[in-house]
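**Q** To be precise about what I am sending: the file is called final04.cif and holds mmCIF, C-alpha atoms and all ligand atoms.
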data_protein
loop_
_atom_site.label_atom_id
_atom_site.label_comp_id
_atom_site.auth_asym_id
_atom_site.auth_seq_id
_atom_site.Cartn_x
_atom_site.Cartn_y
_atom_site.Cartn_z
CA MET A 1 -26.40 8.39 10.96
CA LEU A 2 -23.20 6.75 12.09
CA ASN A 3 -21.90 7.13 15.64
CA VAL A 4 -18.16 7.30 16.31
CA LYS A 5 -16.01 6.43 19.33
CA ARG A 6 -12.25 7.02 19.38
CA PHE A 7 -9.69 5.07 21.42
CA ILE A 8 -6.00 5.94 21.60
CA PHE A 9 -3.83 2.82 21.71
CA ASN A 10 -0.23 1.58 21.63
CA PRO A 11 3.11 3.43 21.87
CA PHE A 12 2.36 5.29 18.59
CA GLY A 13 -0.75 6.99 20.04
CA GLU A 14 -2.84 5.48 17.25
CA ASN A 15 -6.56 6.25 16.91
CA THR A 16 -8.74 3.15 16.84
CA TYR A 17 -12.37 3.85 15.93
CA ILE A 18 -15.65 2.05 16.41
CA VAL A 19 -18.39 3.31 14.11
CA TRP A 20 -21.95 2.08 14.45
CA SER A 21 -25.40 2.46 13.01
CA ASP A 22 -28.50 3.16 15.09
CA ASP A 23 -29.30 -0.57 15.08
CA ASN A 24 -25.92 -1.14 16.86
CA THR A 25 -24.29 -2.82 13.88
CA ALA A 26 -20.64 -1.80 14.10
CA ALA A 27 -17.38 -1.60 12.20
CA ILE A 28 -13.98 -1.45 13.86
CA ILE A 29 -11.44 0.69 12.03
CA ASP A 30 -7.70 0.16 12.62
CA PRO A 31 -7.65 -1.82 15.88
CA GLY A 32 -4.26 -0.90 17.32
CA MET A 33 -4.40 -2.75 20.64
CA MET A 34 -1.06 -4.26 21.64
CA ASN A 35 -1.80 -5.78 25.07
CA ASP A 36 -4.51 -7.40 27.19
CA TYR A 37 -5.49 -4.13 28.85
CA GLU A 38 -6.14 -2.40 25.51
CA ASN A 39 -8.06 -5.47 24.31
CA SER A 40 -10.30 -5.26 27.39
CA VAL A 41 -10.94 -1.54 26.88
CA ILE A 42 -12.38 -2.05 23.40
CA SER A 43 -14.24 -5.28 24.13
CA ASN A 44 -15.80 -3.79 27.27
CA PHE A 45 -17.03 -0.80 25.26
CA ILE A 46 -18.58 -3.13 22.67
CA THR A 47 -20.28 -5.22 25.37
CA THR A 48 -21.49 -2.26 27.43
CA ASN A 49 -23.05 -0.59 24.39
CA ASN A 50 -24.53 -3.80 22.96
CA LEU A 51 -22.66 -3.31 19.69
CA ARG A 52 -22.48 -6.04 17.07
CA PRO A 53 -19.21 -5.81 15.09
CA VAL A 54 -19.69 -7.02 11.51
CA ARG A 55 -16.74 -5.38 9.71
CA LEU A 56 -13.05 -4.99 10.50
CA LEU A 57 -11.50 -2.29 8.30
CA ASN A 58 -7.87 -1.25 8.00
CA THR A 59 -6.92 2.07 6.40
CA HIS A 60 -3.47 0.56 5.86
CA ALA A 61 -1.28 -2.19 7.24
CA HIS A 62 1.29 -0.41 9.40
CA ILE A 63 1.68 -2.29 12.67
CA ASP A 64 0.12 0.43 14.83
CA HIS A 65 -3.12 0.13 12.80
CA ILE A 66 -3.36 -3.67 12.58
CA ALA A 67 -1.81 -4.99 15.82
CA GLY A 68 -5.29 -5.75 17.24
CA ASN A 69 -6.65 -7.45 14.11
CA ASN A 70 -6.28 -11.00 15.42
CA PHE A 71 -8.01 -10.18 18.71
CA ILE A 72 -11.01 -8.63 16.90
CA SER A 73 -11.10 -11.36 14.23
CA ASN A 74 -11.09 -14.17 16.77
CA LYS A 75 -13.50 -12.58 19.24
CA TYR A 76 -16.13 -11.42 16.74
CA GLY A 77 -15.60 -13.83 13.84
CA ILE A 78 -14.85 -11.17 11.23
CA THR A 79 -12.00 -10.97 8.73
CA ALA A 80 -9.86 -7.87 8.33
CA GLU A 81 -10.42 -5.96 5.09
CA ILE A 82 -7.23 -4.41 3.71
CA ASN A 83 -6.39 -3.17 0.23
CA ILE A 84 -4.39 -5.81 -1.59
CA ASP A 85 -1.50 -3.39 -2.19
CA ASP A 86 -0.84 -3.38 1.58
CA TYR A 87 -0.85 -7.18 1.99
CA TYR A 88 2.96 -7.25 1.99
CA LEU A 89 2.99 -5.02 5.06
CA ALA A 90 0.46 -7.19 6.92
CA ASP A 91 2.49 -10.28 6.01
CA HIS A 92 5.60 -8.73 7.57
CA ILE A 93 4.09 -7.44 10.82
CA ASN A 94 6.88 -8.99 12.89
CA ASP A 95 9.50 -7.28 10.72
CA GLN A 96 7.68 -3.99 11.28
CA ALA A 97 7.85 -4.58 15.05
CA LYS A 98 11.61 -5.12 14.81
CA MET A 99 12.06 -2.06 12.62
CA PHE A 100 10.23 0.16 15.13
CA GLY A 101 11.82 -1.61 18.12
CA ILE A 102 8.55 -2.49 19.82
CA PRO A 103 7.83 -5.69 21.74
CA TYR A 104 5.31 -7.41 19.50
CA ALA A 105 5.32 -10.87 18.01
CA SER A 106 2.37 -12.42 16.20
CA LYS A 107 2.51 -16.19 15.89
CA GLU A 108 -0.73 -16.18 13.93
CA ILE A 109 -1.03 -15.12 10.32
CA LEU A 110 -3.29 -12.10 9.98
CA ALA A 111 -6.35 -13.20 8.02
CA LYS A 112 -7.39 -10.64 5.42
CA GLN A 113 -9.54 -10.00 2.40
CA ASN A 114 -9.21 -7.34 -0.28
CA LEU A 115 -11.04 -4.03 -0.03
CA SER A 116 -10.96 -2.06 -3.29
CA ASP A 117 -11.30 1.57 -4.27
CA ASN A 118 -14.95 2.75 -4.36
CA GLU A 119 -16.22 -0.37 -2.62
CA THR A 120 -19.31 0.14 -0.44
CA ILE A 121 -19.14 -1.11 3.16
CA GLU A 122 -22.58 -1.79 4.64
CA ILE A 123 -22.95 -1.10 8.38
CA GLY A 124 -26.57 -1.69 9.37
CA ASN A 125 -28.68 1.05 7.78
CA ASP A 126 -25.58 3.06 6.94
CA LYS A 127 -22.56 2.65 4.74
CA LEU A 128 -19.01 3.81 4.17
CA SER A 129 -17.21 4.10 0.83
CA ALA A 130 -13.58 3.05 0.47
CA ILE A 131 -11.37 5.68 -1.19
CA HIS A 132 -7.89 4.65 -2.37
CA ILE A 133 -5.34 7.25 -1.20
CA PRO A 134 -1.86 5.93 -1.99
CA GLY A 135 1.26 7.78 -0.84
CA HIS A 136 1.71 6.93 2.85
CA THR A 137 1.47 3.28 1.80
CA LYS A 138 0.60 1.85 -1.62
CA GLY A 139 -2.76 0.42 -0.54
CA HIS A 140 -3.90 3.16 1.83
CA LEU A 141 -7.69 3.64 2.04
CA ALA A 142 -9.93 6.27 3.59
CA PHE A 143 -13.53 5.55 4.57
CA TYR A 144 -16.23 8.11 3.82
CA SER A 145 -19.89 8.66 4.60
CA ALA A 146 -21.50 11.66 2.90
CA LYS A 147 -24.74 11.11 4.83
CA SER A 148 -23.04 11.16 8.24
CA GLY A 149 -20.50 13.80 7.15
CA ILE A 150 -17.46 11.82 8.27
CA LEU A 151 -14.14 10.69 6.80
CA PHE A 152 -11.69 8.25 8.39
CA SER A 153 -8.43 9.40 6.85
CA GLY A 154 -5.91 6.97 8.36
CA ASP A 155 -2.38 8.32 7.99
CA ALA A 156 -3.04 10.24 4.75
CA ILE A 157 -4.00 13.57 6.34
CA PHE A 158 -3.88 14.82 9.94
CA ARG A 159 -4.87 18.09 11.57
CA MET A 160 -2.44 20.56 9.93
CA SER A 161 -0.18 17.77 8.69
CA ILE A 162 0.07 14.78 6.35
CA GLY A 163 1.39 11.24 6.68
CA ARG A 164 5.10 10.46 6.49
CA THR A 165 6.32 9.17 3.15
CA ASP A 166 9.79 7.88 4.09
CA LEU A 167 8.68 4.35 4.96
CA PRO A 168 8.63 1.48 2.40
CA GLY A 169 5.89 2.11 -0.19
CA GLY A 170 5.64 5.81 0.67
CA ASP A 171 5.87 8.56 -1.94
CA TYR A 172 5.41 12.29 -1.27
CA THR A 173 4.17 13.38 -4.71
CA THR A 174 1.72 10.47 -4.82
CA LEU A 175 0.34 11.39 -1.39
CA ILE A 176 -0.15 15.08 -2.25
CA ASN A 177 -1.90 14.13 -5.51
CA SER A 178 -4.12 11.61 -3.69
CA ILE A 179 -5.16 14.16 -1.09
CA ASP A 180 -5.87 16.81 -3.75
CA LYS A 181 -7.90 14.54 -6.02
CA ARG A 182 -9.74 12.34 -3.51
CA ILE A 183 -9.98 14.22 -0.19
CA MET A 184 -9.98 17.95 -0.84
CA VAL A 185 -12.85 17.53 -3.32
CA LEU A 186 -15.13 16.70 -0.36
CA PRO A 187 -17.36 19.38 1.26
CA ASP A 188 -15.89 21.73 3.90
CA ASN A 189 -18.22 20.53 6.64
CA ILE A 190 -16.99 16.92 6.59
CA THR A 191 -15.40 15.87 9.90
CA ILE A 192 -12.04 14.11 9.50
CA TYR A 193 -11.14 11.35 11.96
CA PRO A 194 -7.40 10.80 11.40
CA GLY A 195 -5.17 7.88 12.36
CA HIS A 196 -3.28 10.02 14.90
CA GLY A 197 -4.16 13.21 16.75
CA ASP A 198 -7.30 15.30 16.95
CA THR A 199 -10.37 15.46 14.78
CA THR A 200 -10.50 18.20 12.14
CA THR A 201 -12.62 19.17 9.10
CA ILE A 202 -12.08 19.41 5.35
CA GLY A 203 -12.69 23.18 5.51
CA PHE A 204 -10.15 23.72 8.32
CA GLU A 205 -7.47 21.76 6.43
CA ARG A 206 -8.25 23.58 3.17
CA ALA A 207 -7.54 26.87 4.97
CA ASN A 208 -4.75 25.85 7.36
CA ASN A 209 -2.88 22.70 6.30
CA PRO A 210 0.65 23.90 5.37
CA TYR A 211 1.22 20.95 3.01
CA LEU A 212 -1.80 21.73 0.82
CA THR A 213 -1.16 25.31 -0.26
ZN ZN B 301 0.97 4.48 8.97
#
Now, as a test, write the supplied structure out as structure tokens.
Ligand SMILES: [Zn+2]
**A**
Amino acid sequence: MLNVKRFIFNPFGENTYIVWSDDNTAAIIDPGMMNDYENSVISNFITTNNLRPVRLLNTHAHIDHIAGNNFISNKYGITAEINIDDYYLADHINDQAKMFGIPYASKEILAKQNLSDNETIEIGNDKLSAIHIPGHTKGHLAFYSAKSGILFSGDAIFRMSIGRTDLPGGDYTTLINSIDKRIMVLPDNITIYPGHGDTTTIGFERANNPYLT
């Protein structure tokens, strides 16, 4: 079974997750750290718990979800895995910072490799499956484990809300269709860990999410 720890980082209140197997093999999902303090919070947790990060996964390449990629890549020697349809966002991280008016400048190029729909991500004795959920961005992924009963939904679906679709690459109809076909087909008891805000479940969103009626 996978264990999950949530951190809330950066001015966007973004959820960064560490998920690890019982042998302490870990994946970091959407590292959003934007300063030295936030970097120390996550690295201290990894050290204290003897975790061994082997995967760096991005649900999508908005700046609040990838700002800490270089820190994690350099410290643990792992390359960020992003769907290829979001590469253009990762390549323009400094433009994103300007657009949102936040003080961030990356001199390094964010290293990345493609993560495709339905790909299996091994984490020790456990695994996650990548699910392509376009709409918030073109290459948006969710990460799912049926065995552990968990879904990392990024900015596709939140507790009683959905991701915004007014940014470049966003499309409302595409997002609603993605959520219907790829997320709401999962069992009610699955816990959703979203990119912002509190944890929820598939069953709670099926009954209460005003965008999915
Ligand atoms: Zn986003």
**Q** Given the choices A:Asp155, A:Asp23, A:Glu122, A:Glu38, which gets closest to ligand ZN 301 (chain B) if the distance is worked out from all atoms listed in the file?
**A** A:Asp155
**Q** So, counting only C-alpha atoms and all ligand atoms, which residue among A:Asp22, A:Asp30, A:Asp126, A:Asp188 is closest to ligand ZN 301 (chain B)?
**A**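 Under the stated criterion, the closest residue is A:Asp30.
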**Q** Do you know which residues lie at most 10 Å from (0.5, 6.2, 19.7), with coordinates as in the file and only C-alpha atoms counted, and could you write them as a list in words?
**A**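 Those residues lying close to the given coordinates are Ile8, Phe9, Asn10, Pro11, Phe12, Gly13, Glu14, Asn15, Gly32, Asp64, His65, Gly195, His196 and Gly197 of chain A.
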**Q** Residues of the last selection are to be written out with C-alpha atoms, as a compact mmCIF listing (two decimals), in the coordinates of the input.
**A**
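Saved to selection-v3.txt:
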# COMPACT_ATOMS: atom_id res chain seq x y z
CA ILE A 8 -6.00 5.94 21.60
CA PHE A 9 -3.83 2.82 21.71
CA ASN A 10 -0.23 1.58 21.63
CA PRO A 11 3.11 3.43 21.87
CA PHE A 12 2.36 5.29 18.59
CA GLY A 13 -0.75 6.99 20.04
CA GLU A 14 -2.84 5.48 17.25
CA ASN A 15 -6.56 6.25 16.91
CA GLY A 32 -4.26 -0.90 17.32
CA ASP A 64 0.12 0.43 14.83
CA HIS A 65 -3.12 0.13 12.80
CA GLY A 195 -5.17 7.88 12.36
CA HIS A 196 -3.28 10.02 14.90
CA GLY A 197 -4.16 13.21 16.75
**Q** Can you work out the spacing between atom CA of A:Gly154 and atom CA of A:Ala142 in Å, to one decimal?
**A**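 That distance, rounded to one decimal, is 6.3 Å.
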**Q** Go through the chains and note each residue within 7 Å of ligand ZN 301 (chain B), using only C-alpha atoms and all ligand atoms, then give the set as JSON, numbers by chain.
**A** {"A": [60, 62, 136, 155]}
**Q** Quick one: distance from atom CA of A:Thr199 to atom CA of A:Tyr37 in Å, one decimal?
**A**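 Calculated distance between atom CA of A:Thr199 and atom CA of A:Tyr37 is 24.6 Å.
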**Q** Tell me which protein, DNA and RNA residues are within 12 Å of A:Met99, counting only C-alpha atoms, leaving out same-chain ones fewer than 3 positions away, and put them as a list of chain:residue names.
**A**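 Everything that qualifies: A:His62, A:Ile63, A:His92, A:Ile93, A:Asn94, A:Asp95, A:Gln96, A:Ile102, A:Pro103, A:Tyr104, A:Leu167, A:Pro168.
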**Q** With only C-alpha atoms as the counted atoms, please give the residues lying no more than 12 Å from A:Ser148, apart from itself and same-chain residues fewer than 4 positions off, as number ranges by chain.
**A** A: 1-4, 19-22, 125-129, 143-144, 152, 189-192
**Q** Within 6 Å of stretch 70-82 of chain A, counting all atoms listed in the file, which residues show up once you throw out same-chain ones fewer than 4 positions away? Write them as a list in words, please.
**A**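 What passes the distance filter is Leu56, Leu57, Asn58, Lys112, Gln113, Asn114 and Leu115 of chain A.
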**Q** Could you tell me how far atom CA of A:Asn208 sits from atom CA of A:His140, in Å to one decimal place?
**A**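 One can read the atom CA of A:His140 to atom CA of A:Asn208 distance as 23.4 Å.
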**Q** Edge lengths and centre, in Å to one decimal, as lines of an AutoDock Vina configuration file: that's what I need for the box along x, y and z that holds all listed atoms of stretch 45-60 of chain A plus 5 Å on each side.
**A**
center_x = -14.0
center_y = -2.5
center_z = 16.6
size_x = 31.1
size_y = 19.1
size_z = 31.6
**Q** When you count all atoms listed in the file, which of these residues is closest to A:Asn118: A:Gly149, A:Arg182, A:Asp171, A:Phe204?
**A** A:Arg182
**Q** Using only C-alpha atoms, which of A:Tyr211, A:Tyr172, A:Tyr193, A:Tyr88 sits nearest A:Thr16?
**A**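 Nearest candidate to A:Thr16 out of A:Tyr211, A:Tyr172, A:Tyr193, A:Tyr88: A:Tyr193.
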**Q** Which residue out of A:Asp180, A:Tyr17, A:Ala105, A:Asp85 has the minimum interatomic distance to A:Asn35 when all atoms listed in the file are used?
**A**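 Nearest candidate to A:Asn35 out of A:Asp180, A:Tyr17, A:Ala105, A:Asp85: A:Ala105.
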**Q** Given the point (4.2, 8.6, 0.8) in the coordinates of this file, which residues lie within 10 Å, counting only C-alpha atoms, and how would they look as a ChimeraX atom specification?
**A** /A:133-138,140,155-156,162-176,178
**Q** If you count all atoms listed in the file, which residues fall within 9 Å of A:Pro187, apart from same-chain ones fewer than 5 positions away, as a VMD selection string?
**A** chain A and resid 146 149 202 to 203
**Q** Complete the atom set of stretch 137-168 of chain A to N, CA and C atoms and return it as a short mmCIF file (atom, residue, chain, number, x, y, z; two decimals), in the coordinates of the input.
**A**
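Saved as rebuild.cif:
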data_model
loop_
_atom_site.label_atom_id
_atom_site.label_comp_id
_atom_site.auth_asym_id
_atom_site.auth_seq_id
_atom_site.Cartn_x
_atom_site.Cartn_y
_atom_site.Cartn_z
N THR A 137 1.17 4.65 2.26
CA THR A 137 1.47 3.28 1.80
C THR A 137 0.80 3.13 0.44
N LYS A 138 1.16 2.07 -0.27
CA LYS A 138 0.60 1.85 -1.62
C LYS A 138 -0.91 1.58 -1.59
N GLY A 139 -1.35 0.84 -0.57
CA GLY A 139 -2.76 0.42 -0.54
C GLY A 139 -3.61 1.20 0.45
N HIS A 140 -3.19 2.40 0.80
CA HIS A 140 -3.90 3.16 1.83
C HIS A 140 -5.33 3.51 1.39
N LEU A 141 -6.29 3.30 2.28
CA LEU A 141 -7.69 3.64 2.04
C LEU A 141 -8.18 4.67 3.05
N ALA A 142 -9.14 5.48 2.65
CA ALA A 142 -9.93 6.27 3.59
C ALA A 142 -11.36 5.74 3.51
N PHE A 143 -12.14 6.01 4.54
CA PHE A 143 -13.53 5.55 4.57
C PHE A 143 -14.44 6.75 4.78
N TYR A 144 -15.44 6.88 3.89
CA TYR A 144 -16.23 8.11 3.82
C TYR A 144 -17.72 7.84 3.86
N SER A 145 -18.44 8.65 4.65
CA SER A 145 -19.89 8.66 4.60
C SER A 145 -20.37 10.08 4.37
N ALA A 146 -20.95 10.33 3.19
CA ALA A 146 -21.50 11.66 2.90
C ALA A 146 -22.68 11.95 3.81
N LYS A 147 -23.52 10.94 4.03
CA LYS A 147 -24.74 11.11 4.83
C LYS A 147 -24.41 11.51 6.26
N SER A 148 -23.42 10.85 6.86
CA SER A 148 -23.04 11.16 8.24
C SER A 148 -22.02 12.29 8.32
N GLY A 149 -21.45 12.69 7.17
CA GLY A 149 -20.50 13.80 7.15
C GLY A 149 -19.17 13.47 7.79
N ILE A 150 -18.70 12.24 7.60
CA ILE A 150 -17.46 11.82 8.27
C ILE A 150 -16.51 11.13 7.29
N LEU A 151 -15.21 11.32 7.57
CA LEU A 151 -14.14 10.69 6.80
C LEU A 151 -13.10 10.14 7.76
N PHE A 152 -12.79 8.85 7.63
CA PHE A 152 -11.69 8.25 8.39
C PHE A 152 -10.47 8.27 7.47
N SER A 153 -9.49 9.11 7.80
CA SER A 153 -8.43 9.40 6.85
C SER A 153 -7.15 8.61 7.08
N GLY A 154 -7.12 7.74 8.10
CA GLY A 154 -5.91 6.97 8.36
C GLY A 154 -4.71 7.88 8.53
N ASP A 155 -3.59 7.51 7.90
CA ASP A 155 -2.38 8.32 7.99
C ASP A 155 -2.14 9.12 6.71
N ALA A 156 -3.20 9.40 5.95
CA ALA A 156 -3.04 10.24 4.75
C ALA A 156 -2.97 11.71 5.16
N ILE A 157 -3.97 12.16 5.93
CA ILE A 157 -4.00 13.57 6.34
C ILE A 157 -4.35 13.65 7.83
N PHE A 158 -3.64 14.54 8.52
CA PHE A 158 -3.88 14.82 9.94
C PHE A 158 -4.25 16.29 10.09
N ARG A 159 -4.62 16.68 11.32
CA ARG A 159 -4.87 18.09 11.57
C ARG A 159 -3.57 18.86 11.33
N MET A 160 -3.57 19.72 10.31
CA MET A 160 -2.44 20.56 9.93
C MET A 160 -1.18 19.78 9.55
N SER A 161 -1.34 18.54 9.13
CA SER A 161 -0.18 17.77 8.69
C SER A 161 -0.63 16.69 7.72
N ILE A 162 0.36 15.93 7.21
CA ILE A 162 0.07 14.78 6.35
C ILE A 162 0.92 13.61 6.82
N GLY A 163 0.66 12.43 6.27
CA GLY A 163 1.39 11.24 6.68
C GLY A 163 2.83 11.26 6.20
N ARG A 164 3.70 10.54 6.91
CA ARG A 164 5.10 10.46 6.49
C ARG A 164 5.20 9.59 5.24
N THR A 165 6.20 9.89 4.43
CA THR A 165 6.32 9.17 3.15
C THR A 165 7.71 8.53 3.01
N ASP A 166 8.44 8.43 4.14
CA ASP A 166 9.79 7.88 4.09
C ASP A 166 9.85 6.39 4.40
N LEU A 167 8.70 5.79 4.68
CA LEU A 167 8.68 4.35 4.96
C LEU A 167 8.48 3.59 3.65
N PRO A 168 8.78 2.26 3.64
CA PRO A 168 8.63 1.48 2.40
C PRO A 168 7.24 1.63 1.78
#
